[in-house]
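**Student:** What follows is coords.csv; its format and atoms are CSV, C-alpha atoms and all ligand atoms.
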```
chain,number,residue,atom,x,y,z
A,1,MET,CA,-27.5,-16.8,-1.8
A,2,SER,CA,-26.9,-20.5,-1.5
A,3,ALA,CA,-26.4,-22.2,1.9
A,4,ASP,CA,-22.7,-22.8,1.4
A,5,GLN,CA,-21.8,-19.2,0.7
A,6,GLY,CA,-21.9,-18.1,4.4
A,7,GLY,CA,-23.5,-15.0,5.7
A,8,GLY,CA,-22.6,-11.4,6.7
A,9,LYS,CA,-20.7,-8.9,4.7
A,10,ARG,CA,-19.8,-10.1,1.2
A,11,LEU,CA,-16.3,-9.3,0.1
A,12,SER,CA,-14.4,-9.1,-3.2
A,13,LEU,CA,-10.7,-9.4,-2.9
A,14,LEU,CA,-8.2,-7.9,-5.4
A,15,GLY,CA,-4.8,-9.6,-4.7
A,16,SER,CA,-6.1,-12.6,-2.7
A,17,THR,CA,-2.8,-14.5,-2.7
A,18,GLY,CA,-0.6,-11.6,-1.6
A,19,SER,CA,0.2,-10.6,1.9
A,20,ILE,CA,-2.9,-8.4,2.5
A,21,GLY,CA,-5.2,-10.9,0.7
A,22,GLU,CA,-4.0,-13.8,2.8
A,23,GLN,CA,-4.4,-11.9,6.0
A,24,THR,CA,-7.8,-10.7,5.0
A,25,LEU,CA,-8.8,-14.3,4.5
A,26,ASP,CA,-7.4,-15.1,7.9
A,27,VAL,CA,-9.9,-12.6,9.3
A,28,VAL,CA,-12.8,-14.0,7.2
A,29,ARG,CA,-11.8,-17.6,8.3
A,30,ALA,CA,-12.0,-16.5,12.0
A,31,PHE,CA,-15.4,-14.8,11.6
A,32,PRO,CA,-17.4,-16.9,9.1
A,33,GLU,CA,-20.7,-15.6,10.4
A,34,ARG,CA,-19.7,-12.1,9.6
A,35,PHE,CA,-18.0,-12.3,6.3
A,36,SER,CA,-18.2,-14.3,3.1
A,37,VAL,CA,-16.2,-14.1,-0.2
A,38,GLY,CA,-18.0,-13.4,-3.5
A,39,ALA,CA,-15.0,-12.9,-5.7
A,40,LEU,CA,-11.2,-13.4,-5.7
A,41,ALA,CA,-8.5,-12.0,-8.0
A,42,ALA,CA,-4.9,-13.1,-8.0
A,43,GLY,CA,-2.0,-13.1,-10.5
A,44,THR,CA,0.3,-16.0,-10.9
A,45,GLN,CA,0.0,-18.1,-7.7
A,46,VAL,CA,-2.6,-20.5,-9.2
A,47,GLU,CA,-2.1,-23.3,-6.7
A,48,LYS,CA,-2.7,-21.0,-3.7
A,49,LEU,CA,-5.7,-19.4,-5.5
A,50,ALA,CA,-7.2,-22.9,-6.1
A,51,ALA,CA,-7.0,-23.7,-2.4
A,52,GLN,CA,-8.7,-20.4,-1.6
A,53,VAL,CA,-11.5,-21.1,-4.1
A,54,ARG,CA,-12.1,-24.5,-2.5
A,55,GLU,CA,-12.2,-23.1,1.0
A,56,PHE,CA,-14.1,-19.8,0.4
A,57,ARG,CA,-16.4,-20.8,-2.6
A,58,PRO,CA,-16.5,-17.5,-4.4
A,59,ASP,CA,-18.7,-17.3,-7.5
A,60,LEU,CA,-16.2,-15.4,-9.6
A,61,VAL,CA,-12.4,-15.8,-9.8
A,62,SER,CA,-9.8,-13.8,-11.8
A,63,VAL,CA,-6.3,-15.1,-12.7
A,64,GLY,CA,-3.4,-13.3,-14.4
A,65,SER,CA,-3.2,-15.2,-17.7
A,66,GLU,CA,-4.9,-17.6,-20.1
A,67,ALA,CA,-2.4,-20.3,-19.1
A,68,GLY,CA,-3.3,-19.6,-15.4
A,69,ARG,CA,-7.0,-19.9,-16.3
A,70,LYS,CA,-6.5,-23.4,-17.8
A,71,GLU,CA,-4.4,-24.6,-14.8
A,72,LEU,CA,-7.0,-23.2,-12.3
A,73,ALA,CA,-9.9,-24.9,-14.2
A,74,GLU,CA,-8.0,-28.2,-14.2
A,75,ARG,CA,-7.2,-28.0,-10.5
A,76,LEU,CA,-10.8,-27.1,-9.6
A,77,GLY,CA,-12.5,-29.6,-11.9
A,78,ALA,CA,-16.3,-29.7,-12.2
A,79,GLY,CA,-16.9,-27.4,-9.2
A,80,ALA,CA,-15.0,-24.4,-10.7
A,81,PRO,CA,-16.7,-21.0,-10.5
A,82,GLU,CA,-16.6,-18.6,-13.4
A,83,ILE,CA,-13.0,-17.7,-14.2
A,84,VAL,CA,-11.9,-14.4,-15.8
A,85,VAL,CA,-8.5,-13.3,-16.9
A,86,GLY,CA,-6.0,-10.4,-16.7
A,87,ALA,CA,-6.7,-6.7,-16.4
A,88,ALA,CA,-10.3,-7.1,-17.5
A,89,GLY,CA,-10.7,-9.9,-15.0
A,90,LEU,CA,-9.5,-7.6,-12.2
A,91,VAL,CA,-12.2,-5.1,-13.2
A,92,SER,CA,-14.9,-7.8,-13.2
A,93,VAL,CA,-14.0,-8.8,-9.7
A,94,ALA,CA,-14.0,-5.2,-8.6
A,95,GLU,CA,-17.4,-4.6,-10.1
A,96,HIS,CA,-18.9,-7.9,-8.8
A,97,GLU,CA,-21.9,-7.5,-6.5
A,98,SER,CA,-20.4,-7.0,-3.0
A,99,ASP,CA,-20.6,-5.0,0.2
A,100,LEU,CA,-16.9,-4.2,0.2
A,101,VAL,CA,-13.9,-4.5,-2.2
A,102,VAL,CA,-10.6,-5.2,-0.5
A,103,ALA,CA,-8.0,-3.5,-2.7
A,104,GLY,CA,-4.9,-5.5,-1.9
A,105,LEU,CA,-2.9,-5.4,-5.1
A,106,VAL,CA,0.6,-3.9,-5.1
A,107,GLY,CA,1.5,-1.1,-7.5
A,108,ALA,CA,0.0,0.6,-10.5
A,109,VAL,CA,-1.9,-2.5,-11.6
A,110,GLY,CA,-4.5,-1.8,-8.9
A,111,LEU,CA,-5.5,1.6,-10.1
A,112,ALA,CA,-8.0,0.7,-12.8
A,113,PRO,CA,-9.8,-2.0,-10.9
A,114,THR,CA,-10.1,0.1,-7.7
A,115,LEU,CA,-11.5,3.0,-9.8
A,116,ALA,CA,-13.9,0.5,-11.3
A,117,ALA,CA,-15.1,-0.6,-7.8
A,118,ILE,CA,-15.7,3.0,-6.8
A,119,ARG,CA,-17.6,3.7,-10.0
A,120,ALA,CA,-19.7,0.6,-9.4
A,121,GLY,CA,-20.6,2.1,-6.0
A,122,ARG,CA,-18.7,-0.2,-3.8
A,123,ASP,CA,-17.0,0.7,-0.5
A,124,VAL,CA,-13.3,0.0,-0.6
A,125,ALA,CA,-10.9,-1.2,2.0
A,126,LEU,CA,-7.7,0.3,0.5
A,127,ALA,CA,-4.3,-1.3,1.1
A,128,ASN,CA,-3.0,-0.6,-2.4
A,129,LYS,CA,-1.6,2.8,-1.6
A,130,GLU,CA,-0.3,3.4,-5.2
A,131,VAL,CA,-3.9,4.0,-6.2
A,132,LEU,CA,-3.9,7.3,-4.3
A,133,VAL,CA,-0.3,8.1,-5.0
A,134,MET,CA,-1.0,7.9,-8.7
A,135,ALA,CA,-4.4,9.4,-9.0
A,136,GLY,CA,-5.5,10.8,-5.6
A,137,ALA,CA,-7.4,13.8,-6.9
A,138,LEU,CA,-9.2,11.7,-9.5
A,139,VAL,CA,-10.0,8.9,-7.1
A,140,LEU,CA,-11.3,11.2,-4.4
A,141,ARG,CA,-13.5,13.0,-6.9
A,142,GLU,CA,-15.1,9.6,-7.9
A,143,VAL,CA,-15.5,8.7,-4.2
A,144,LYS,CA,-17.4,11.9,-3.5
A,145,ALA,CA,-19.5,11.6,-6.7
A,146,LYS,CA,-20.5,8.0,-5.8
A,147,GLY,CA,-20.9,8.5,-2.1
A,148,VAL,CA,-18.8,5.5,-1.2
A,149,THR,CA,-16.4,5.1,1.7
A,150,LEU,CA,-12.6,4.4,1.5
A,151,PHE,CA,-11.5,2.5,4.6
A,152,PRO,CA,-7.7,2.8,5.1
A,153,VAL,CA,-5.9,-0.5,5.6
A,154,ASP,CA,-2.4,0.8,5.7
A,155,SER,CA,-1.6,0.7,9.4
A,156,GLU,CA,-0.5,4.4,9.6
A,157,HIS,CA,-3.7,5.6,7.8
A,158,SER,CA,-5.9,3.3,9.9
A,159,ALA,CA,-4.3,4.9,13.0
A,160,ILE,CA,-5.0,8.4,11.7
A,161,PHE,CA,-8.5,7.4,10.8
A,162,GLN,CA,-9.0,6.2,14.4
A,163,ALA,CA,-7.2,9.3,15.9
A,164,LEU,CA,-9.5,11.6,13.9
A,165,ALA,CA,-12.7,9.9,15.2
A,166,ASP,CA,-15.2,12.6,15.9
A,167,ASN,CA,-12.8,15.5,15.8
A,168,ARG,CA,-13.3,18.3,13.3
A,169,PRO,CA,-11.0,18.4,10.3
A,170,SER,CA,-10.6,22.2,10.8
A,171,ASP,CA,-9.0,21.5,14.2
A,172,ILE,CA,-6.1,19.4,12.8
A,173,ALA,CA,-2.7,21.1,13.1
A,174,ARG,CA,-0.7,18.2,11.7
A,175,ILE,CA,-0.7,14.6,10.9
A,176,VAL,CA,2.4,12.6,11.9
A,177,LEU,CA,3.2,9.3,10.3
A,178,THR,CA,5.5,6.9,12.1
A,179,ALA,CA,8.1,4.9,10.3
A,180,SER,CA,10.0,1.9,11.7
A,181,GLY,CA,13.1,3.1,9.8
A,182,GLY,CA,13.4,-0.2,8.1
A,183,PRO,CA,16.4,-2.7,8.3
A,184,PHE,CA,19.0,0.0,7.6
A,185,ARG,CA,17.9,2.6,10.2
A,186,THR,CA,21.2,2.3,12.1
A,187,TRP,CA,23.5,1.5,9.2
A,188,PRO,CA,26.1,4.0,8.0
A,189,ALA,CA,25.8,5.2,4.4
A,190,GLU,CA,28.9,3.2,3.3
A,191,ARG,CA,27.3,-0.1,4.5
A,192,ILE,CA,23.9,0.7,2.9
A,193,ARG,CA,25.7,1.2,-0.4
A,194,THR,CA,26.5,-2.5,-0.6
A,195,ALA,CA,23.3,-3.9,1.0
A,196,SER,CA,22.1,-7.2,-0.5
A,197,VAL,CA,18.5,-8.0,-1.5
A,198,ALA,CA,18.2,-10.4,1.5
A,199,GLU,CA,19.3,-7.7,3.9
A,200,ALA,CA,16.9,-5.2,2.4
A,201,LEU,CA,14.0,-7.7,2.7
A,202,ALA,CA,14.6,-8.4,6.3
A,203,HIS,CA,12.1,-5.9,7.9
A,204,PRO,CA,12.5,-5.7,11.6
A,205,ASN,CA,8.8,-5.5,12.6
A,206,TRP,CA,6.3,-6.2,9.8
A,207,ASP,CA,5.7,-9.3,7.8
A,208,MET,CA,5.0,-7.9,4.3
A,209,GLY,CA,5.4,-8.5,0.6
A,210,LYS,CA,8.7,-8.0,-1.2
A,211,LYS,CA,8.0,-4.7,-3.0
A,212,ILE,CA,6.8,-3.0,0.2
A,213,SER,CA,9.7,-4.4,2.2
A,214,ILE,CA,12.2,-2.8,-0.2
A,215,ASP,CA,10.2,0.4,-0.1
A,216,SER,CA,10.5,0.3,3.7
A,217,ALA,CA,14.2,-0.1,3.5
A,218,THR,CA,14.5,3.0,1.3
A,219,LEU,CA,11.8,4.9,3.2
A,220,THR,CA,10.0,5.3,-0.1
A,221,ASN,CA,7.1,3.5,1.5
A,222,LYS,CA,6.8,6.4,4.0
A,223,GLY,CA,6.9,8.8,1.1
A,224,LEU,CA,4.2,7.0,-0.7
A,225,GLU,CA,2.2,7.1,2.6
A,226,VAL,CA,2.7,10.8,2.9
A,227,ILE,CA,1.1,11.2,-0.5
A,228,GLU,CA,-1.7,8.7,0.4
A,229,ALA,CA,-2.4,10.7,3.6
A,230,ARG,CA,-2.6,13.9,1.7
A,231,TRP,CA,-5.6,12.5,-0.3
A,232,LEU,CA,-7.3,10.4,2.4
A,233,PHE,CA,-7.4,13.1,5.0
A,234,ASP,CA,-7.4,16.3,2.7
A,235,VAL,CA,-4.3,17.8,4.3
A,236,GLY,CA,-1.5,19.8,2.5
A,237,PRO,CA,2.2,18.6,2.4
A,238,ASP,CA,3.1,21.1,5.1
A,239,GLN,CA,0.6,19.5,7.5
A,240,ILE,CA,2.2,16.1,7.2
A,241,GLY,CA,5.2,15.0,9.2
A,242,VAL,CA,7.2,11.8,9.5
A,243,VAL,CA,8.9,10.5,12.7
A,244,VAL,CA,11.0,7.3,12.9
A,245,HIS,CA,9.7,5.0,15.7
A,246,PRO,CA,11.6,1.7,15.6
A,247,GLN,CA,9.3,-0.3,17.8
A,248,SER,CA,6.2,0.2,15.5
A,249,ILE,CA,3.8,0.4,18.4
A,250,VAL,CA,2.6,4.0,17.9
A,251,HIS,CA,1.1,3.6,14.4
A,252,SER,CA,0.6,7.3,13.7
A,253,LEU,CA,-0.6,10.5,15.4
A,254,VAL,CA,-2.8,13.5,14.9
A,255,GLU,CA,-1.8,16.9,16.4
A,256,TYR,CA,-4.7,19.3,17.1
A,257,ARG,CA,-4.6,23.0,17.3
A,258,ASP,CA,-5.1,23.0,21.0
A,259,GLY,CA,-1.8,21.1,21.4
A,260,SER,CA,-3.4,17.7,22.0
A,261,VAL,CA,-1.9,14.8,20.2
A,262,ILE,CA,-3.9,11.6,19.7
A,263,ALA,CA,-2.1,8.5,18.8
A,264,GLN,CA,-3.2,5.0,18.0
A,265,MET,CA,-1.1,2.1,19.5
A,266,GLY,CA,-1.0,-1.6,19.2
A,267,LEU,CA,1.2,-4.6,18.3
A,268,PRO,CA,2.4,-4.5,14.7
A,269,ASP,CA,0.0,-6.9,13.1
A,270,MET,CA,-1.8,-6.1,9.8
A,271,ARG,CA,-4.8,-8.1,10.8
A,272,VAL,CA,-5.8,-5.3,13.2
A,273,PRO,CA,-6.2,-2.5,10.5
A,274,ILE,CA,-7.6,-5.1,8.0
A,275,ALA,CA,-10.3,-6.3,10.5
A,276,LEU,CA,-11.2,-2.7,11.4
A,277,ALA,CA,-11.6,-1.8,7.7
A,278,LEU,CA,-13.9,-4.9,7.3
A,279,SER,CA,-16.0,-4.3,10.3
A,280,HIS,CA,-16.0,-0.6,11.1
A,281,PRO,CA,-17.3,0.8,13.3
A,282,GLU,CA,-17.3,-2.5,15.2
A,283,ARG,CA,-14.0,-3.9,16.6
A,284,LEU,CA,-13.6,-7.7,16.4
A,285,PRO,CA,-12.0,-9.8,19.1
A,286,LEU,CA,-8.9,-10.9,17.2
A,287,GLY,CA,-7.3,-12.9,20.0
A,288,LEU,CA,-4.0,-11.1,19.9
A,289,PRO,CA,-1.8,-10.8,23.0
A,290,PRO,CA,-2.4,-7.5,24.9
A,291,LEU,CA,0.0,-4.6,24.4
A,292,ASP,CA,2.3,-4.9,27.4
A,293,LEU,CA,3.7,-1.4,28.0
A,294,PRO,CA,5.9,-2.2,31.0
A,295,ALA,CA,7.4,-5.1,29.0
A,296,LEU,CA,8.2,-2.6,26.2
A,297,ALA,CA,9.6,-0.2,28.8
A,298,LYS,CA,10.3,2.5,26.3
A,299,LEU,CA,9.3,3.9,22.9
A,300,ASP,CA,11.9,5.7,20.8
A,301,PHE,CA,11.4,8.5,18.3
A,302,GLU,CA,13.9,10.2,16.0
A,303,GLU,CA,14.0,12.4,12.9
A,304,PRO,CA,14.2,10.6,9.6
A,305,ASP,CA,17.7,11.0,7.9
A,306,LEU,CA,17.0,12.3,4.4
A,307,GLU,CA,20.6,12.0,3.4
A,308,ARG,CA,20.8,8.3,3.9
A,309,PHE,CA,17.2,7.9,2.7
A,310,PRO,CA,16.6,10.5,0.1
A,311,SER,CA,13.5,8.9,-1.4
A,312,LEU,CA,11.4,10.2,1.5
A,313,GLY,CA,12.3,13.8,0.5
A,314,LEU,CA,11.5,13.0,-3.1
A,315,ALA,CA,8.0,12.1,-2.2
A,316,PHE,CA,7.4,15.6,-0.7
A,317,ASP,CA,8.9,17.1,-3.9
A,318,ALA,CA,6.5,15.0,-6.0
A,319,LEU,CA,3.6,16.0,-3.8
A,320,ARG,CA,4.4,19.7,-4.4
A,321,GLY,CA,5.1,19.1,-8.1
A,322,GLY,CA,1.5,18.9,-9.3
A,323,GLU,CA,-1.0,16.1,-9.7
A,324,ALA,CA,1.0,13.9,-12.2
A,325,ALA,CA,4.3,14.1,-10.4
A,326,PRO,CA,3.5,11.4,-7.7
A,327,ALA,CA,2.4,9.0,-10.5
A,328,VAL,CA,5.8,9.6,-12.1
A,329,PHE,CA,7.6,9.0,-8.8
A,330,ASN,CA,5.7,5.9,-8.1
A,331,ALA,CA,6.3,4.4,-11.6
A,332,ALA,CA,10.0,5.2,-11.4
A,333,ASN,CA,10.2,3.5,-8.0
A,334,GLU,CA,8.4,0.4,-9.2
A,335,CYS,CA,11.0,0.0,-12.0
A,336,SER,CA,14.0,0.7,-9.8
A,337,VAL,CA,12.8,-1.7,-7.0
A,338,ALA,CA,12.2,-4.4,-9.6
A,339,ALA,CA,15.8,-3.9,-10.9
A,340,PHE,CA,17.2,-4.0,-7.4
A,341,LEU,CA,15.2,-7.2,-6.6
A,342,ALA,CA,16.6,-8.7,-9.9
A,343,GLY,CA,20.1,-8.0,-8.7
A,344,GLU,CA,20.7,-5.5,-11.5
A,345,ILE,CA,21.5,-2.4,-9.5
A,346,PRO,CA,22.9,-1.5,-6.1
A,347,PHE,CA,20.6,-0.3,-3.3
A,348,PRO,CA,21.3,3.4,-3.6
A,349,ALA,CA,20.5,3.3,-7.3
A,350,ILE,CA,16.8,2.9,-6.3
A,351,ALA,CA,16.6,6.4,-4.9
A,352,ASP,CA,19.0,7.7,-7.5
A,353,THR,CA,16.8,6.5,-10.4
A,354,ASN,CA,13.7,7.8,-8.7
A,355,ALA,CA,15.3,11.2,-8.3
A,356,ARG,CA,16.6,11.4,-11.9
A,357,VAL,CA,13.2,10.5,-13.4
A,358,LEU,CA,11.2,12.8,-11.1
A,359,MET,CA,13.6,15.8,-11.6
A,360,ARG,CA,13.4,15.4,-15.4
A,361,PHE,CA,9.6,15.4,-15.2
A,362,LEU,CA,9.5,18.5,-12.9
A,363,ASP,CA,11.8,20.3,-15.3
A,364,GLU,CA,9.7,19.5,-18.4
A,365,SER,CA,6.1,19.2,-17.3
A,366,SER,CA,3.4,20.4,-15.0
A,367,GLY,CA,-0.4,20.6,-14.9
A,368,ALA,CA,-3.4,18.9,-13.5
A,369,VAL,CA,-4.6,15.4,-14.2
A,370,GLY,CA,-8.1,15.2,-15.6
A,371,SER,CA,-8.5,11.5,-16.5
A,372,LEU,CA,-7.2,8.0,-15.9
A,373,GLU,CA,-5.6,8.1,-19.4
A,374,GLU,CA,-3.5,11.1,-18.4
A,375,VAL,CA,-2.3,9.3,-15.2
A,376,LEU,CA,-1.4,6.2,-17.2
A,377,GLU,CA,0.4,8.4,-19.7
A,378,ALA,CA,2.5,9.9,-16.9
A,379,ASP,CA,3.1,6.4,-15.5
A,380,ALA,CA,4.2,5.1,-19.0
A,381,TRP,CA,6.5,8.1,-19.5
A,382,ALA,CA,8.2,7.5,-16.2
A,383,ARG,CA,8.7,3.8,-16.9
A,384,ARG,CA,10.4,4.6,-20.2
A,385,GLU,CA,12.6,7.2,-18.5
A,386,ALA,CA,13.4,4.8,-15.6
A,387,ALA,CA,14.3,2.0,-18.1
A,388,ALA,CA,16.8,4.4,-19.8
A,389,VAL,CA,18.3,5.5,-16.5
A,390,LEU,CA,18.5,1.9,-15.2
A,391,GLY,CA,20.0,0.7,-18.5
A,392,ALA,CA,22.7,3.3,-18.4
A,393,SER,CA,23.6,2.7,-14.8
A,394,HIS,CA,23.5,-1.1,-15.3
A,395,ARG,CA,26.0,-0.8,-18.2
A,396,GLN,CA,28.2,1.4,-16.1
A,397,GLU,CA,28.1,-1.1,-13.2
A,398,ARG,CA,29.3,-3.9,-15.5
A,399,SER,CA,32.0,-1.9,-17.1
A,400,THR,CA,33.5,-0.8,-13.8
A,401,ALA,CA,33.0,-4.3,-12.2
B,1,MG,MG,2.1,1.4,6.2
```
Would you mind writing the file's structure down as structure tokens?
Ligand code: MG
**Tutor:**
Amino acid sequence: MSADQGGGKRLSLLGSTGSIGEQTLDVVRAFPERFSVGALAAGTQVEKLAAQVREFRPDLVSVGSEAGRKELAERLGAGAPEIVVGAAGLVSVAEHESDLVVAGLVGAVGLAPTLAAIRAGRDVALANKEVLVMAGALVLREVKAKGVTLFPVDSEHSAIFQALADNRPSDIARIVLTASGGPFRTWPAERIRTASVAEALAHPNWDMGKKISIDSATLTNKGLEVIEARWLFDVGPDQIGVVVHPQSIVHSLVEYRDGSVIAQMGLPDMRVPIALALSHPERLPLGLPPLDLPALAKLDFEEPDLERFPSLGLAFDALRGGEAAPAVFNAANECSVAAFLAGEIPFPAIADTNARVLMRFLDESSGAVGSLEEVLEADAWARREAAAVLGASHRQERSTA
């Protein structure tokens, strides 16, 4: 290792210019003696990626396209590290020699590289929840076979991981995920029907990327997290609950069979679960303000409303619908969220599209998922179905407009 590479744990980052990637690099920047960056992968934000390469000096970088590779090489000049491209580039970054791979991509694109990291024997800090939603059984089989560790980065799953600590899995009665309720928690259904993209993106507590912000507004994000929890903690759908907690201070809870409930609390700041995934079992002094309970005065909890937010219920249907159904639900949701962000469909059409595609799948298909190819097949089927549903509803929108 050369002198300018820094010391400590060597990281590879998938999704370095996204919200999780940037906050991971904040942690690395604050603790240069503990962490260094061996490889970075991003998609289209080449200027931001170039700045990260100059600052963190990785020896491998991946960018989304050939045009991006050229632009990055020009921006970096003679000092450029090796640059790889596209889906194969993501896999190269995942397999690059490292102590920990931070899986910070969003959506299905992260599945193959995260599996590659596990198969290469790397520990993974997992923020990319769709990896477990799409292929939880398959991924966990590989994790066991390789003896690697998955550290949850999602704040709820980090909370559960902490609340489990040294307790015995057989003593768990129930896992309860908290949900902020999103920006439409108090909105009546009629108002939600005409919600704009900007209103849906305005999350009350968390600073996140666009896709996950829309998922929070529909409560789909919580549904995906229910599926993620099923695999991370090996609990059945009946052992997972969701409670709306608008302050986002209690990040999730574990109920034990003796009636004890252990919760993890803290300010809503993603750097906390990211830093813990990077440094576990040590906790780093992040310099955040202390949690001031008297200033908060009270914490509220309520039942989620499955009528205004039907996508949460769909996630449970998917979880009970066999191994491929969550992949179908996830793919349909990626398509419907993209259509909403593009201004093509109204807000309720997101959950509606997800429901139609999932129900069609559950009517026609079943069975276990043995391979990555089968998962990707289910994903592709759902995208075709979603495109058909979205095309039809888009045409209808226009004709009635
Ligand atoms: Mg979360």
**Student:** Which one of A:Trp381, A:Phe361, A:Trp206, A:Trp231 sits closest to ligand MG 1 (chain B) if you count all atoms listed in the file?
**Tutor:**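 Nearest candidate to ligand MG 1 (chain B) out of A:Trp381, A:Phe361, A:Trp206, A:Trp231: A:Trp206.
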**Student:** Closest to Val243 of chain A among A:Ile172, A:Ala382, A:Leu312, A:Ala78, using all atoms listed in the file?
**Tutor:**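 So, comparing all the options, the nearest one is A:Leu312.
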**Student:** All residues within 8 Å of ligand MG 1 (chain B) are required, counting all atoms listed in the file; please report them as a list in words.
**Tutor:**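 The neighbouring residues of ligand MG 1 (chain B) are, in order, Asp154, Ser155, Glu156, His157, Asn221, Lys222 and Glu225 of chain A.
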**Student:** Given all atoms listed in the file as the basis, pick out the residue of A:Glu228, A:Glu82, A:Glu323, A:Glu255 nearest to His96 of chain A.
**Tutor:**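 Once distances to His96 of chain A are computed over all atoms listed in the file, the minimum belongs to A:Glu82.
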**Student:** To one decimal place in Å, what is the distance between atom CA of Gly121 of chain A and atom CA of Pro169 of chain A?
**Tutor:** 25.0 Å
**Student:** Could you work out how far atom CA of Arg308 of chain A lies from atom CA of Gln264 of chain A, giving the answer in Å with one decimal?
**Tutor:**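 We find that atom CA of Gln264 of chain A and atom CA of Arg308 of chain A lie 28.0 Å from each other.
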**Student:** Taking all atoms listed in the file into account, which of A:Leu11, A:Val53, A:Ile175, A:Ala327 comes nearest Gln239 of chain A?
**Tutor:**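 Closest residue, counting all atoms listed in the file: A:Ile175.
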**Student:** Which polymer residues have any atom within 9 Å of an atom of Ser336 of chain A, counting all atoms listed in the file, with same-chain residues fewer than 4 positions away left out, as a list in words?
**Tutor:**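 Listing them by chain and then by number gives Ala331, Ala332, Phe340, Leu341, Ile345, Ala349, Ile350, Ala351, Asp352, Thr353, Asn354, Ala386, Ala387 and Leu390 of chain A.
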**Student:** Which residues are near Ala127 of chain A? Cut-off 6 Å, only C-alpha atoms, ignore same chain within fewer than 5 positions. Put them as an MDAnalysis selection string.
**Tutor:** chainID A and resid 103:104 153:154
**Student:** Point out the residue among A:Leu267, A:Ile227, A:Met134, A:Leu232 with the least atom-to-atom distance to Ala315 of chain A, counting only C-alpha atoms.
**Tutor:** A:Ile227
**Student:** Which residues of segment 282-372 of chain A come within 12 Å of segment 23-42 of chain A, and what is each one's closest atom pair and distance in Å (one decimal), counting all atoms listed in the file, sorted by chain and residue number, as a tab-separated table?
**Tutor:**
```
residue	atom	partner	partner_atom	distance
A:Glu282	CA	A:Arg34	CA	11.4
A:Leu284	CA	A:Phe31	CA	8.8
A:Pro285	CA	A:Phe31	CA	9.6
A:Leu286	CA	A:Val27	CA	8.1
A:Gly287	CA	A:Ala30	CA	10.0
```
**Student:** Which residues are near Asp238 of chain A? Cut-off 12 Å, all atoms listed in the file, ignore same chain within fewer than 5 positions. Put them as a list in words.
**Tutor:**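 That gives Ala173, Arg174, Ile175, Val176, Val226, Ile227, Ala229, Arg230, Phe316, Asp317, Leu319 and Arg320 of chain A.
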**Student:** In Å to one decimal, how far is atom CA of Gly370 of chain A from atom CA of Arg119 of chain A?
**Tutor:**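 So the two atoms, atom CA of Arg119 of chain A and atom CA of Gly370 of chain A, lie 15.9 Å apart.
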**Student:** Which one is closest to Asn330 of chain A: A:Val133, A:Leu372, A:Ile249, A:Ala112? Count all atoms listed in the file.
**Tutor:** A:Val133
**Student:** Excluding same-chain residues fewer than 5 positions from Ala195 of chain A, what lies within 9 Å of it counting all atoms listed in the file, as a list of chain:residue names?
**Tutor:**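 The neighbour list is A:Phe184, A:Ala200, A:Pro346, A:Phe347, A:Pro348.
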**Student:** Take the residues just selected and output them with C-alpha atoms as a PDB file, keeping the file's coordinate frame.
**Tutor:**
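The resulting file, result-v3.pdb, is shown below:
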```
ATOM      1  CA  PHE A 184      19.000   0.000   7.600  1.00  0.00           C
ATOM      2  CA  ALA A 200      16.900  -5.200   2.400  1.00  0.00           C
ATOM      3  CA  PRO A 346      22.900  -1.500  -6.100  1.00  0.00           C
ATOM      4  CA  PHE A 347      20.600  -0.300  -3.300  1.00  0.00           C
ATOM      5  CA  PRO A 348      21.300   3.400  -3.600  1.00  0.00           C
TER       6      PRO A 348
END
```
